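Structure first, commentary second.
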Amino acid sequence: MSSPSPSALGRVLVIAGSDSGGGAGIQADIKTVTALGGYAATAITAVTVQNTLGVTGVHPIPLDVVAAQARAVLSDIGADAIKTGMLGDAATVALVAGLLDEAGVPAVIDPVMVAKGGASLLAAEAVAAVRERLIPRAALLTPNAPEAEALTGLAVATTDDLRRAGEALLAGGARAVLMKGGHVPGDRVVDVLMTPAGETAFEGERIDSRHTHGTGCTLASACAAGLAQGLDLTAAVARAWDYVHNAMLHAPGLGAGHGPLDHAWTLRGRA
């Protein structure tokens with residue numbers, strides 16, 4: 001159902017929640033895909049009321065409206081990849097699993113569970129639905145350490161723990177996992193891309209900044225853009241990792257809490 005003719009742009013359908021503050025969610029996804037030269041379309045699962053200080057409201061979109069948005073995009077514009085973010089509850093997870101089957105394109109699954117400020121974005125009973133319905137459909141799964149713990153039941157406090165959890169997630173059906181190490185203590189951040197064929201580590205100095213809102217959404221969307229544009233998995237992740245690193249370095253310093261990245265750093269000086 002993904003459309004008659006693929007586009008060299010790289011079409012990414014994002015199924016996720018909206019962030020009124022613009023730093024994460026659908027807003028970060030659209031900015032990221034666009035900054036990397038792709039075309040972003042959306043199916044919004046929830047409207048959140050939030051800024052850099054936190055989430056003060058979550059308003060789910062009716063399931064039939066979520067489905068209608070996605071099918072409207074897929075039947076006309078099409079998609080070369082799908083990226084999922086905030087889904088909220090088990091019913092939405094089940095719906096999205098069906099949409100992924102209908103679309104038949106690679107899916108980057110970001111198992112969003114908690115906002116940067118601590119607000120829950122996924123009902124506890126929906127974690128099992130993600131494990132059972134989305135992980136087996138993931139071309140790439142992008143959990144951070146707390147999400148990996150929730151999905152596997154394993155403690156994740158070190159990079160080796162990340163690898164163990166990654167092995168469990170691969171065994172659960174994901175074709176590849178990008179195990180994010182931002183929550184693992186240390187002066188350096190290590191993310192590990194794992195597939196049944198082996199692993200690739202991405203490592204850099206930890207950036208001491210409060211401006212980290214939306215890093216997970218941004219990284220997953222950047223990966224999806226690369227896959228949509230025909231990059232192989234390792235190249236797509238490497239470009240995404242570099243993009244997020246620079247977006248953090250160029251953060252504009254907005255807000256009094258967890259501030260946003262500079263998603264448009266790739267466009268500076270290219271008027």
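Quick note on naming: the chains in the structure tokens go A, B, ... in the order shown, residues restart at 1 in each chain, and ligands are numbered from 1 in order of appearance.
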Worksheet entry | All alpha helix (DSSP H) positions in region 19-252 of chain A, as a PyMOL selection string | chain A and resi 25-35+63-76+90-103+126-129+145-152+159-171+215-228+233-249
Worksheet item: Out of region 82-242 of chain A, which residues get strand (DSSP E) from DSSP, as a list in words?
Response: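 Those residues are Ile82, Lys83, Thr84, Ala107, Val108, Ile109, Leu140, Leu141, Val177, Leu178, Met179, Arg188, Val189, Val190, Asp191, Val192, Leu193, Met194, Thr195, Gly198, Glu199, Thr200, Ala201, Phe202, Glu203, Gly204 and Glu205 of chain A.
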Fill in: Long-range neighbours of region 197-207 of chain A as a PyMOL selection string, 9 Å cut-off, only C-alpha atoms, 4 positions minimum in chain
chain A and resi 182+186-193+234+238+241+245+248-249
Discussion item. Need to verify the contact set: Arg239 (chain A), 8 Å, only C-alpha atoms, exclusion of same-chain residues closer than 3 positions in sequence. Can you return it as an NGL selection string?
Written reply: :A and (222-223 or 226 or 235-236 or 242-243)
Could those residues be written to a file, using C-alpha atoms, as an mmCIF file, in the first residue's frame?
data_model
loop_
_atom_site.group_PDB
_atom_site.id
_atom_site.type_symbol
_atom_site.label_atom_id
_atom_site.label_comp_id
_atom_site.auth_asym_id
_atom_site.auth_seq_id
_atom_site.Cartn_x
_atom_site.Cartn_y
_atom_site.Cartn_z
ATOM 1 C CA ALA A 222 17.191 10.471 11.163
ATOM 2 C CA CYS A 223 17.683 6.710 10.876
ATOM 3 C CA GLY A 226 18.446 7.339 5.783
ATOM 4 C CA ALA A 235 25.394 4.207 6.993
ATOM 5 C CA ALA A 236 21.931 5.441 7.963
ATOM 6 C CA ASP A 242 26.451 12.579 13.567
ATOM 7 C CA TYR A 243 23.346 14.662 12.903
#
Worksheet item: So which residues touch Arg137 (chain A) within 12 Å, counting only C-alpha atoms, skipping near sequence neighbours fewer than 4 positions away, as a VMD selection string?
Response: chain A and resid 82 to 84 93 to 94 96 to 109 130 to 133 141 169 to 170 172 to 177
Worksheet item: If we count only C-alpha atoms, what is near Pro62 (chain A) at a cut-off of 12 Å, once residues fewer than 6 positions away on the same chain are taken out, given as number ranges by chain?
Response: A: 43-47, 68-69, 87-89, 91-92, 95
How would the residues just picked look written out with all heavy atoms as a JSON list (two decimals), in the first residue's frame?
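Final output, saved to again.json:
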[["chain", "number", "residue", "atom", "x", "y", "z"],
["A", 43, "ALA", "N", 1.01, 10.81, 10.89],
["A", 43, "ALA", "CA", -0.25, 10.39, 11.48],
["A", 43, "ALA", "C", -0.10, 10.64, 12.97],
["A", 43, "ALA", "O", 0.70, 9.97, 13.64],
["A", 43, "ALA", "CB", -0.53, 8.92, 11.20],
["A", 44, "ILE", "N", -0.82, 11.61, 13.50],
["A", 44, "ILE", "CA", -0.64, 12.04, 14.88],
["A", 44, "ILE", "C", -1.48, 11.19, 15.82],
["A", 44, "ILE", "O", -2.69, 11.02, 15.61],
["A", 44, "ILE", "CB", -0.97, 13.53, 15.04],
["A", 44, "ILE", "CG1", -0.03, 14.37, 14.16],
["A", 44, "ILE", "CG2", -0.88, 13.98, 16.48],
["A", 44, "ILE", "CD1", -0.34, 15.85, 14.13],
["A", 45, "THR", "N", -0.84, 10.63, 16.83],
["A", 45, "THR", "CA", -1.51, 9.72, 17.77],
["A", 45, "THR", "C", -2.05, 10.43, 19.01],
["A", 45, "THR", "O", -2.96, 9.92, 19.67],
["A", 45, "THR", "CB", -0.55, 8.63, 18.24],
["A", 45, "THR", "OG1", 0.59, 9.25, 18.87],
["A", 45, "THR", "CG2", -0.07, 7.77, 17.07],
["A", 46, "ALA", "N", -1.46, 11.57, 19.35],
["A", 46, "ALA", "CA", -1.89, 12.31, 20.55],
["A", 46, "ALA", "C", -1.38, 13.74, 20.44],
["A", 46, "ALA", "O", -0.36, 14.00, 19.79],
["A", 46, "ALA", "CB", -1.33, 11.66, 21.81],
["A", 47, "VAL", "N", -2.10, 14.64, 21.08],
["A", 47, "VAL", "CA", -1.64, 16.01, 21.22],
["A", 47, "VAL", "C", -1.20, 16.19, 22.67],
["A", 47, "VAL", "O", -1.99, 15.93, 23.59],
["A", 47, "VAL", "CB", -2.75, 17.01, 20.88],
["A", 47, "VAL", "CG1", -2.31, 18.44, 21.20],
["A", 47, "VAL", "CG2", -3.14, 16.90, 19.41],
["A", 68, "ALA", "N", -6.98, 6.69, 9.68],
["A", 68, "ALA", "CA", -7.34, 7.43, 8.47],
["A", 68, "ALA", "C", -6.19, 8.32, 8.01],
["A", 68, "ALA", "O", -5.93, 8.44, 6.79],
["A", 68, "ALA", "CB", -8.59, 8.26, 8.73],
["A", 69, "GLN", "N", -5.49, 8.95, 8.95],
["A", 69, "GLN", "CA", -4.34, 9.77, 8.57],
["A", 69, "GLN", "C", -3.29, 8.93, 7.84],
["A", 69, "GLN", "O", -2.79, 9.31, 6.78],
["A", 69, "GLN", "CB", -3.69, 10.38, 9.82],
["A", 69, "GLN", "CG", -4.50, 11.41, 10.55],
["A", 69, "GLN", "CD", -3.77, 11.82, 11.82],
["A", 69, "GLN", "OE1", -2.88, 12.69, 11.79],
["A", 69, "GLN", "NE2", -4.12, 11.22, 12.95],
["A", 87, "LEU", "N", 2.96, 6.15, 21.21],
["A", 87, "LEU", "CA", 1.73, 5.46, 20.82],
["A", 87, "LEU", "C", 0.69, 5.44, 21.94],
["A", 87, "LEU", "O", -0.50, 5.35, 21.66],
["A", 87, "LEU", "CB", 2.05, 4.04, 20.34],
["A", 87, "LEU", "CG", 3.02, 3.97, 19.15],
["A", 87, "LEU", "CD1", 3.22, 2.53, 18.72],
["A", 87, "LEU", "CD2", 2.50, 4.82, 17.98],
["A", 88, "GLY", "N", 1.11, 5.51, 23.18],
["A", 88, "GLY", "CA", 0.20, 5.76, 24.27],
["A", 88, "GLY", "C", -0.41, 4.55, 24.94],
["A", 88, "GLY", "O", -0.32, 4.40, 26.15],
["A", 89, "ASP", "N", -1.08, 3.69, 24.16],
["A", 89, "ASP", "CA", -1.77, 2.56, 24.80],
["A", 89, "ASP", "C", -1.73, 1.33, 23.89],
["A", 89, "ASP", "O", -1.30, 1.40, 22.73],
["A", 89, "ASP", "CB", -3.20, 2.93, 25.18],
["A", 89, "ASP", "CG", -4.03, 3.39, 23.99],
["A", 89, "ASP", "OD1", -3.75, 2.96, 22.84],
["A", 89, "ASP", "OD2", -4.97, 4.18, 24.19],
["A", 91, "ALA", "N", -4.10, -0.40, 22.49],
["A", 91, "ALA", "CA", -4.96, -0.38, 21.31],
["A", 91, "ALA", "C", -4.28, 0.35, 20.15],
["A", 91, "ALA", "O", -4.36, -0.08, 18.98],
["A", 91, "ALA", "CB", -6.29, 0.29, 21.64],
["A", 92, "THR", "N", -3.58, 1.43, 20.45],
["A", 92, "THR", "CA", -2.87, 2.15, 19.40],
["A", 92, "THR", "C", -1.71, 1.32, 18.88],
["A", 92, "THR", "O", -1.43, 1.30, 17.67],
["A", 92, "THR", "CB", -2.36, 3.51, 19.93],
["A", 92, "THR", "OG1", -3.47, 4.24, 20.48],
["A", 92, "THR", "CG2", -1.73, 4.33, 18.82],
["A", 95, "LEU", "N", -3.13, -1.18, 16.49],
["A", 95, "LEU", "CA", -3.49, -0.51, 15.23],
["A", 95, "LEU", "C", -2.26, -0.27, 14.38],
["A", 95, "LEU", "O", -2.24, -0.55, 13.17],
["A", 95, "LEU", "CB", -4.18, 0.82, 15.53],
["A", 95, "LEU", "CG", -4.39, 1.72, 14.31],
["A", 95, "LEU", "CD1", -5.43, 1.13, 13.38],
["A", 95, "LEU", "CD2", -4.79, 3.13, 14.74]]
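Across A:Gly25, A:Gly216, A:Gly54, A:Gly78, the tightest approach to Ala228 (chain A) is made by A:Gly78 when counting only C-alpha atoms.
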Discussion item. Give me the residues near Met179 (chain A) as a count of residues only, where near means some atom within 8 Å (using only C-alpha atoms) and where sequence neighbours in that chain fewer than 3 positions away do not count.
Written reply: 12
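Take the candidates A:Leu53, A:Glu149, A:Cys217, A:Leu140 and check each one against Thr195 (chain A) using only C-alpha atoms; the shortest distance goes to A:Leu140.
Comparing the minimum interatomic distances between Gln50 (chain A) and each of A:Pro136, A:Gly17, A:Gly10, A:Gly253, counting only C-alpha atoms, we find that A:Gly17 sits nearest.
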Practice prompt. Could you tell me which of A:Ile26, A:Val55, A:Leu219, A:Ala165 comes closest to Met86 (chain A) if we count only C-alpha atoms?
Written response: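 Nearest to Met86 (chain A): A:Ile26.
Counting from CA of Ala24 (chain A), the distance to CA of Arg210 (chain A) is 14.3 Å.
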Item to complete: Work out how far CA of Val14 (chain A) is from CA of Thr56 (chain A), in Å to one decimal.
Response: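 Separating CA of Thr56 (chain A) from CA of Val14 (chain A) is a distance of 23.1 Å.
With CA of Pro185 (chain A) on one side and CA of Leu261 (chain A) on the other, the separation reads 21.5 Å.
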